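Working notes, structure below.
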Amino acid sequence: MDVLAHFWGPAADLAFRRGWTHGILALALWPFALTGAMLLVDRGIRRVRRASQPSGLAPGQVLLLASVAILSHPILDTLNTYGMRWLMPFSGRWFYGDTLFIVDPWLWLALGFGVMLSRPPRGSTRPARIALWLSFTYVVAMAASALAARRIAGSEIAAMSGRAVDRLMVSPFPVNPFLRSVVVEQGEVYRTARFRWLAHRHVDSASVRIFPKGRSDHPAVQAAVATTLGRRYLGWARFPAFQVEPAGGGHFVVRIVDLRYGDPPGAPIGSVAIPVTIPTP
C-alpha cells in the first residue's frame, strides 16, 4: 500500500509512508483484511478449477500467520533509520531504531536459507528455527552495538570539536556490521563521520565533514517550508539542512537535504528542491 503513494508525488509519499498503514489502528485491522483476501483468493481458485473437495484452508491458521506477518513488519521497520509512526493516526511522532540497514543482507541470507532448507521434501522446521534464533541474536548484537557506538561517538566528537553534542545518529552501514555512519548536531552546524569498531580511535577524524544548517529565517526558506512539500518533508526529516540557490528575478530554488541519507549539494536521495518566488519591493 505504501508503494502506491509513490505515484501520487513526493508530498503524498512523505505524508503517507509508514504512517496510516503502519499505525496501531491499521495493525489491528490488517490481519483480518489479509485473511479475508486469502479466503477470497482460495474460493476463486477453487471455482476456476471446479474443485469439488473441501478446501484445506483453515481460516484460524491463516489469521495467525497474517497476524505474525503484519506485526513483524513494522517491528523490523522500526529497526532502521527511516523509522516508524506507531501512533498514527493519533500522533505523527517517528520512532527510530538505528540498528539495521534498511535492506540488511545478513538478515535476508539467514532467513532465506531457513525458508529454503525447511521446504518440502525435507519437511523439517529445524533449519527455520535455527535461522530465526540466529537472526534474533544478530539483531540483539546490532542493537547493543548501536547503543555503545552512540556513547563513544558522542564523546569522541565532542572532544575532537570542543563543542557539546546536541543530537546524534549512529546508523548501520550496508554489509559491514563493524562500520557505521555518524551525524551530529552541534549548534548551527552538523558533522558527519565514519565510525569503525576495529580502529583504535573509533571516529575516523579524516572522514569528518562539517555542514552548516543554513538560514531557516531566509525569506526563500520560509516560503519553501510553507509549501505542502516543504511542510511534509520537514515532518519526515531528522537532520535537515537548507541551501538557497538564486535563480534571478526574485526566483529561488531551496534545496533541503536530510543528512541522514545524503551530503549536500545534490544528494541523490533524501533531498527535495522547491522553487519559490519572493516578491521584490
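Letters for chains follow the order of the C-alpha cells (A, B, ...), residue numbers begin at 1 for each chain, and ligand numbers begin at 1 in the order shown.
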Please identify every residue of stretch 125-150 of chain A that has at least one atom no farther than 10 Å from an atom of stretch 184-206 of chain A, counting only C-alpha atoms, and for each give the shortest atom pair and the distance in Å to one decimal, arranged by chain then increasing number, as a tab-separated table.
residue	atom	partner	partner_atom	distance
A:Ser145	CA	A:Trp197	CA	9.1
A:Ala149	CA	A:Phe195	CA	7.8
A:Arg150	CA	A:Phe195	CA	9.7
Write the residues of the selection above to a file with N, CA and C atoms, as a compact mmCIF listing (two decimals), in the first residue's frame.
# COMPACT_ATOMS: atom_id res chain seq x y z
N SER A 145 25.38 -2.92 19.86
CA SER A 145 26.47 -2.20 19.20
C SER A 145 26.08 -0.76 18.92
N ALA A 149 27.98 2.44 20.36
CA ALA A 149 28.57 3.35 19.37
C ALA A 149 28.09 4.78 19.57
N ARG A 150 26.83 4.97 19.94
CA ARG A 150 26.31 6.31 20.20
C ARG A 150 27.09 6.98 21.33
Original post:
Near stretch 65-75 of chain A, counting only C-alpha atoms, which residues have an atom at most 9 Å away, once you skip same-chain residues fewer than 3 positions from it, shown as number ranges by chain?
Top reply: A: 18, 22-23, 27-28, 30-32, 34-35, 60-62, 78-79, 84, 86
Include N, CA and C atoms and write out the residues we just selected as a PDB file, in the first residue's frame.
ATOM      1  N   ARG A  18       4.788   4.739   5.881  1.00  0.00           N
ATOM      2  CA  ARG A  18       4.981   4.305   7.269  1.00  0.00           C
ATOM      3  C   ARG A  18       4.171   5.150   8.244  1.00  0.00           C
ATOM      4  N   HIS A  22       0.755   1.869   8.897  1.00  0.00           N
ATOM      5  CA  HIS A  22       1.607   1.216   9.888  1.00  0.00           C
ATOM      6  C   HIS A  22       1.218   1.538  11.319  1.00  0.00           C
ATOM      7  N   GLY A  23       0.228   2.412  11.503  1.00  0.00           N
ATOM      8  CA  GLY A  23      -0.177   2.821  12.840  1.00  0.00           C
ATOM      9  C   GLY A  23      -0.972   1.749  13.566  1.00  0.00           C
ATOM     10  N   LEU A  27      -2.776  -1.725  12.162  1.00  0.00           N
ATOM     11  CA  LEU A  27      -2.214  -3.022  12.536  1.00  0.00           C
ATOM     12  C   LEU A  27      -3.262  -3.934  13.169  1.00  0.00           C
ATOM     13  N   ALA A  28      -4.294  -3.336  13.766  1.00  0.00           N
ATOM     14  CA  ALA A  28      -5.370  -4.144  14.330  1.00  0.00           C
ATOM     15  C   ALA A  28      -6.309  -4.672  13.243  1.00  0.00           C
ATOM     16  N   TRP A  30      -5.377  -4.929   9.637  1.00  0.00           N
ATOM     17  CA  TRP A  30      -4.736  -5.600   8.505  1.00  0.00           C
ATOM     18  C   TRP A  30      -4.806  -7.131   8.565  1.00  0.00           C
ATOM     19  N   PRO A  31      -4.573  -7.785   9.706  1.00  0.00           N
ATOM     20  CA  PRO A  31      -4.630  -9.257   9.705  1.00  0.00           C
ATOM     21  C   PRO A  31      -5.972  -9.801   9.236  1.00  0.00           C
ATOM     22  N   PHE A  32      -7.067  -9.146   9.625  1.00  0.00           N
ATOM     23  CA  PHE A  32      -8.392  -9.604   9.206  1.00  0.00           C
ATOM     24  C   PHE A  32      -8.610  -9.333   7.713  1.00  0.00           C
ATOM     25  N   LEU A  34      -6.226  -9.166   5.418  1.00  0.00           N
ATOM     26  CA  LEU A  34      -5.390 -10.105   4.672  1.00  0.00           C
ATOM     27  C   LEU A  34      -5.986 -11.509   4.687  1.00  0.00           C
ATOM     28  N   THR A  35      -6.527 -11.919   5.838  1.00  0.00           N
ATOM     29  CA  THR A  35      -7.156 -13.242   5.925  1.00  0.00           C
ATOM     30  C   THR A  35      -8.355 -13.321   4.997  1.00  0.00           C
ATOM     31  N   GLY A  60      -8.522 -19.939  10.771  1.00  0.00           N
ATOM     32  CA  GLY A  60      -7.824 -19.591  12.005  1.00  0.00           C
ATOM     33  C   GLY A  60      -6.315 -19.591  11.841  1.00  0.00           C
ATOM     34  N   GLN A  61      -5.798 -20.582  11.109  1.00  0.00           N
ATOM     35  CA  GLN A  61      -4.359 -20.649  10.867  1.00  0.00           C
ATOM     36  C   GLN A  61      -3.889 -19.518   9.954  1.00  0.00           C
ATOM     37  N   VAL A  62      -4.732 -19.184   8.959  1.00  0.00           N
ATOM     38  CA  VAL A  62      -4.386 -18.064   8.075  1.00  0.00           C
ATOM     39  C   VAL A  62      -4.351 -16.762   8.863  1.00  0.00           C
ATOM     40  N   THR A  78      10.994  -0.479  12.328  1.00  0.00           N
ATOM     41  CA  THR A  78      11.468   0.397  13.396  1.00  0.00           C
ATOM     42  C   THR A  78      12.965   0.285  13.593  1.00  0.00           C
ATOM     43  N   LEU A  79      13.561  -0.833  13.205  1.00  0.00           N
ATOM     44  CA  LEU A  79      14.972  -1.075  13.474  1.00  0.00           C
ATOM     45  C   LEU A  79      15.912  -0.290  12.569  1.00  0.00           C
ATOM     46  N   MET A  84       9.454   4.622  12.072  1.00  0.00           N
ATOM     47  CA  MET A  84       8.060   4.184  12.051  1.00  0.00           C
ATOM     48  C   MET A  84       7.214   5.158  12.841  1.00  0.00           C
ATOM     49  N   TRP A  86       4.305   4.643  14.896  1.00  0.00           N
ATOM     50  CA  TRP A  86       3.464   3.653  15.541  1.00  0.00           C
ATOM     51  C   TRP A  86       2.116   4.216  15.989  1.00  0.00           C
TER      52      TRP A  86
END
Subject >> Neighbour list for A:Met169 as a PyMOL selection string, cut-off 12 Å, only C-alpha atoms, skip fewer than 2 positions in-chain >> reply: chain A and resi 80-82+96-99+146-147+149-154+165-167+171-172+180-185+190-195+238-239+259-261
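Interatomic distance, atom CA of A:Arg255 to atom CA of A:Val103: 27.0 Å.
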Subject >> In stretch 21-173 of chain A, DSSP strand (DSSP E) residues written as a list in words >> reply: Arg167, Leu168, Met169, Val170, Ser171 and Pro172 of chain A
Original post:
Hey, what's within 12 Å of A:Phe90 if we count only C-alpha atoms and toss same-chain stuff fewer than 4 positions away? As a list in words, please?
Top reply: Gly19, Trp20, Gly23, Ile24, Leu25, Ala26, Arg85 and Trp86 of chain A
Subject >> Surrounding residues of A:Phe113 excluding itself and chain neighbours under 4 positions, 10 Å, only C-alpha atoms, as a ChimeraX atom specification >> reply: /A:108-109,117-118,127-128,131
Create the file for the chosen residues now, containing N, CA and C atoms and written as a PDB file, in the first residue's frame.
ATOM      1  N   TRP A 108      18.617 -11.117   5.532  1.00  0.00           N
ATOM      2  CA  TRP A 108      17.944 -11.758   4.389  1.00  0.00           C
ATOM      3  C   TRP A 108      18.542 -13.139   4.105  1.00  0.00           C
ATOM      4  N   LEU A 109      19.860 -13.264   4.183  1.00  0.00           N
ATOM      5  CA  LEU A 109      20.503 -14.547   3.925  1.00  0.00           C
ATOM      6  C   LEU A 109      20.089 -15.589   4.963  1.00  0.00           C
ATOM      7  N   LEU A 117      15.718 -24.328   3.302  1.00  0.00           N
ATOM      8  CA  LEU A 117      16.091 -25.625   3.864  1.00  0.00           C
ATOM      9  C   LEU A 117      14.956 -26.295   4.624  1.00  0.00           C
ATOM     10  N   SER A 118      13.883 -25.562   4.870  1.00  0.00           N
ATOM     11  CA  SER A 118      12.736 -26.149   5.592  1.00  0.00           C
ATOM     12  C   SER A 118      11.597 -26.534   4.664  1.00  0.00           C
ATOM     13  N   PRO A 127      15.768 -26.117  10.409  1.00  0.00           N
ATOM     14  CA  PRO A 127      16.529 -25.022   9.801  1.00  0.00           C
ATOM     15  C   PRO A 127      15.856 -23.660   9.983  1.00  0.00           C
ATOM     16  N   ALA A 128      14.531 -23.627   9.898  1.00  0.00           N
ATOM     17  CA  ALA A 128      13.828 -22.354  10.074  1.00  0.00           C
ATOM     18  C   ALA A 128      13.984 -21.837  11.499  1.00  0.00           C
ATOM     19  N   ALA A 131      17.462 -20.497  11.920  1.00  0.00           N
ATOM     20  CA  ALA A 131      17.577 -19.205  11.227  1.00  0.00           C
ATOM     21  C   ALA A 131      16.943 -18.088  12.038  1.00  0.00           C
TER      22      ALA A 131
END
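Taking atom CA of A:Leu179 and atom CA of A:Ala141 as the two end points, the separation is 13.9 Å.
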Original post:
Nearest to A:Val175 among A:Ala159, A:Leu107, A:Leu234, A:Ala273, with distances taken over only C-alpha atoms: which residue is it?
Top reply: A:Leu107
**OP:** Return as number ranges by chain the full set of residues in stretch 25-163 of chain A whose backbone-based DSSP assignment is alpha helix (DSSP H).
**Re:** A: 25-49, 59-78, 105-118, 126-161
